[in-house]
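To start, the structure itself, in structure tokens.
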Amino acid sequence: MACHNRAQTTNIFFESLKASKTDRFNFQFYVTDDGSTDDTYNILKSQPFRTKILKGDGNLFWAKSMAKAEESIDCLPDGILWVNDDLELLPNCFENLYKSIQLHPRAVLVGQVLRRKTNKIIYGGYRSSSAHPLKISLLERTQTENPDTFNGNFVYIPTEVRLAVGPINSRYSHAYADCDYGYRVRKIGYEIKLIPDAIGEGETNKSPEFVTKREALKFFYNKKNNRLSDQIYFLLKFTKLKYKIFIPIFLLSPFLKIVILNKY
């Protein structure tokens with residue numbers, strides 16, 4: 001888990017975890033608290049779970065924080081579970097996870113997250129839908145296809161797969177690292193499966209309203225969202241050879257939409 005200045009949200013996650021049916025699992029938490037200045041650290045320390053807390057300076061963001069937490073794992077568990085601290089888990093989520101592990105012991109298992117008080121999936125598994133490796137479609141609850149990649153909100157990775165794929169790529173700061181991992185899983189021949197029922201509720205991040213194009217560009221290309229070096233690295237890595245000639249177009253399209261079409 002990665003945390004940064006969301007003490008109340010983090011506490012809601014742990015309260016929902018304690019209310020879940022978790023008796024089939026033994027947890028050891030590895031958490032990177034990336035420079036929180038609120039009460040996050042005390043909330044983490046107060047939990048009744050074995051917890052190893054690592055500290056960041058506030059500049060690690062999600063990918064580097066998760067990589068730091070993973071590096072600190074000092075045992076060989078059956079698997080690891082990525083969780084976001086902004087989830088509110090549903091009571092049966094771990095029962096559903098356990099059933100999926102029994103059915104697919106060598107697959108990466110992805111939890112689907114609902115928008116609060118709705119049945120709309122907002123995070124989960126994705127299918128690739130074009131030559132552009134970031135043009136991906138979120139799978140709906142009724143779809144049965146295996147994902148090509150996923151959001152990192154709730155992801156179970158068996159140790160066999162983790163050792164074969166390697167760690168979260170800390171080359172990224174925030175975005176792309178979960179999508180990168182999913183593509184790497186599929187590339188070496190392991191399956192990604194959706195846990196059939198939703199595992200929790202949450203909300204999407206709201207984009208701010210911009211007054212100028214300069215503000216929109218600064219937000220779009222900042223370190224957390226779409227840092228240009230991360231985009232280039234990702235596209236070079238996952239664009240199929242015959243489509244690599246289009247990478248400059250992939251990179252320019254968002255810029256042109258903001259500057260020329262005023263889409264921000």
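All residue names refer to the structure tokens as shown: chains lettered A, B, ... in order, residues numbered from 1 in each chain, ligands numbered from 1 in order.
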
Can you list, as JSON, numbers by chain, every protein, DNA or RNA residue that comes within 10 Å of Gln231 of chain A when you count only C-alpha atoms, leaving out same-chain residues fewer than 2 positions away? {"A": [134, 172, 175, 176, 221, 225, 226, 227, 228, 229, 233, 234, 235, 236, 237, 247, 250, 251]}

Serialized selection, N, CA and C atoms, as a PDB file, in the first residue's frame:
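Wrote part.pdb, looks like this:
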```pdb
ATOM      1  N   LEU A 134      -2.178   2.564 -24.783  1.00  0.00           N
ATOM      2  CA  LEU A 134      -2.986   3.189 -23.733  1.00  0.00           C
ATOM      3  C   LEU A 134      -4.444   3.356 -24.139  1.00  0.00           C
ATOM      4  N   TYR A 172       8.660   4.593 -13.368  1.00  0.00           N
ATOM      5  CA  TYR A 172       7.548   5.544 -13.370  1.00  0.00           C
ATOM      6  C   TYR A 172       7.446   6.207 -12.005  1.00  0.00           C
ATOM      7  N   ALA A 175       1.612   7.380 -12.736  1.00  0.00           N
ATOM      8  CA  ALA A 175       0.807   6.720 -13.770  1.00  0.00           C
ATOM      9  C   ALA A 175       1.626   5.674 -14.524  1.00  0.00           C
ATOM     10  N   TYR A 176       0.915   4.765 -15.184  1.00  0.00           N
ATOM     11  CA  TYR A 176       1.441   3.754 -16.105  1.00  0.00           C
ATOM     12  C   TYR A 176       2.005   2.501 -15.437  1.00  0.00           C
ATOM     13  N   TYR A 221       0.742  17.211 -18.013  1.00  0.00           N
ATOM     14  CA  TYR A 221       2.094  16.670 -18.135  1.00  0.00           C
ATOM     15  C   TYR A 221       2.883  16.686 -16.820  1.00  0.00           C
ATOM     16  N   ASN A 225       0.694  12.815 -13.320  1.00  0.00           N
ATOM     17  CA  ASN A 225      -0.265  12.397 -14.343  1.00  0.00           C
ATOM     18  C   ASN A 225       0.400  11.771 -15.566  1.00  0.00           C
ATOM     19  N   ASN A 226       0.996  12.578 -16.406  1.00  0.00           N
ATOM     20  CA  ASN A 226       1.506  12.076 -17.690  1.00  0.00           C
ATOM     21  C   ASN A 226       2.889  12.653 -17.991  1.00  0.00           C
ATOM     22  N   ARG A 227       3.792  12.497 -17.046  1.00  0.00           N
ATOM     23  CA  ARG A 227       5.150  13.007 -17.268  1.00  0.00           C
ATOM     24  C   ARG A 227       5.661  12.514 -18.625  1.00  0.00           C
ATOM     25  N   LEU A 228       6.173  13.435 -19.426  1.00  0.00           N
ATOM     26  CA  LEU A 228       6.519  13.122 -20.807  1.00  0.00           C
ATOM     27  C   LEU A 228       7.520  11.977 -20.902  1.00  0.00           C
ATOM     28  N   SER A 229       8.521  11.966 -20.042  1.00  0.00           N
ATOM     29  CA  SER A 229       9.516  10.889 -20.095  1.00  0.00           C
ATOM     30  C   SER A 229       8.884   9.537 -19.796  1.00  0.00           C
ATOM     31  N   TYR A 233       8.758   6.387 -22.475  1.00  0.00           N
ATOM     32  CA  TYR A 233       9.257   5.081 -22.040  1.00  0.00           C
ATOM     33  C   TYR A 233       8.194   4.002 -22.225  1.00  0.00           C
ATOM     34  N   PHE A 234       6.972   4.292 -21.799  1.00  0.00           N
ATOM     35  CA  PHE A 234       5.881   3.327 -21.895  1.00  0.00           C
ATOM     36  C   PHE A 234       5.568   2.987 -23.351  1.00  0.00           C
ATOM     37  N   LEU A 235       5.463   4.006 -24.189  1.00  0.00           N
ATOM     38  CA  LEU A 235       5.102   3.784 -25.584  1.00  0.00           C
ATOM     39  C   LEU A 235       6.188   3.023 -26.340  1.00  0.00           C
ATOM     40  N   LEU A 236       7.439   3.327 -26.079  1.00  0.00           N
ATOM     41  CA  LEU A 236       8.527   2.591 -26.710  1.00  0.00           C
ATOM     42  C   LEU A 236       8.524   1.131 -26.285  1.00  0.00           C
ATOM     43  N   LYS A 237       8.150   0.896 -25.045  1.00  0.00           N
ATOM     44  CA  LYS A 237       8.183  -0.450 -24.484  1.00  0.00           C
ATOM     45  C   LYS A 237       7.037  -1.316 -24.994  1.00  0.00           C
ATOM     46  N   ILE A 247       4.433   6.637 -32.823  1.00  0.00           N
ATOM     47  CA  ILE A 247       4.645   7.129 -31.458  1.00  0.00           C
ATOM     48  C   ILE A 247       4.656   8.662 -31.387  1.00  0.00           C
ATOM     49  N   PHE A 250       1.120   9.666 -31.274  1.00  0.00           N
ATOM     50  CA  PHE A 250       0.528   9.338 -29.971  1.00  0.00           C
ATOM     51  C   PHE A 250       0.881  10.407 -28.937  1.00  0.00           C
ATOM     52  N   LEU A 251       2.133  10.864 -28.981  1.00  0.00           N
ATOM     53  CA  LEU A 251       2.605  11.840 -27.994  1.00  0.00           C
ATOM     54  C   LEU A 251       2.028  13.232 -28.249  1.00  0.00           C
TER      55      LEU A 251
END
```

DSSP strand (DSSP E or B) residues within segment 72-191 of chain A, listed as number ranges by chain: A: 79-83, 88-89, 108-110, 113-115, 121-123, 125-128, 136-138, 149-150, 154-158

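Using only C-alpha atoms, the nearest neighbour of Ile232 of chain A within the list A:Ala164, A:Lys257, A:Ile195, A:Pro133 is A:Pro133.
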
Residues of segment 116-223 of chain A that have any atom at most 7 Å from an atom of segment 70-90 of chain A: could you tabulate them with the shortest-distance atom pair and the distance in Å to one decimal, using only C-alpha atoms, ordered by chain and increasing number, as a tab-separated table?
```
residue	atom	partner	partner_atom	distance
A:Gly152	CA	A:Trp82	CA	6.5
A:Asn153	CA	A:Asn84	CA	4.9
A:Phe154	CA	A:Val83	CA	4.6
A:Val155	CA	A:Trp82	CA	5.0
A:Tyr156	CA	A:Leu81	CA	4.4
A:Ile157	CA	A:Ile80	CA	5.3
A:Pro158	CA	A:Gly79	CA	4.0
A:Thr159	CA	A:Gly79	CA	4.6
A:Ile199	CA	A:Leu90	CA	5.6
A:Gly200	CA	A:Leu89	CA	4.1
A:Glu201	CA	A:Glu88	CA	5.2
A:Gly202	CA	A:Leu87	CA	5.4
```

Between A:Val259, A:Val165, A:Leu44, A:Met66, which has the minimum distance to Tyr183 of chain A (counting only C-alpha atoms)? A:Val165

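With only C-alpha atoms as the atoms that count, the residue of A:Leu114, A:Ile249, A:Leu17, A:Val31 with the shortest distance to Phe94 of chain A is A:Leu17.
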
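Taking atom CA of Asn96 of chain A and atom CA of Gly125 of chain A as the two end points, the separation is 16.2 Å.
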
Restricting the calculation to only C-alpha atoms, which member of A:Lys213, A:Arg162, A:His132, A:Lys223 is positioned closest to Ala107 of chain A? A:Arg162

With only C-alpha atoms as the atoms that count, which of A:Ser129, A:Thr51, A:Asn42, A:Thr9 lies nearest to Gln28 of chain A? A:Thr51

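Atom CA of Tyr98 of chain A to atom CA of Glu15 of chain A spans 20.2 Å [interatomic distance, one decimal].
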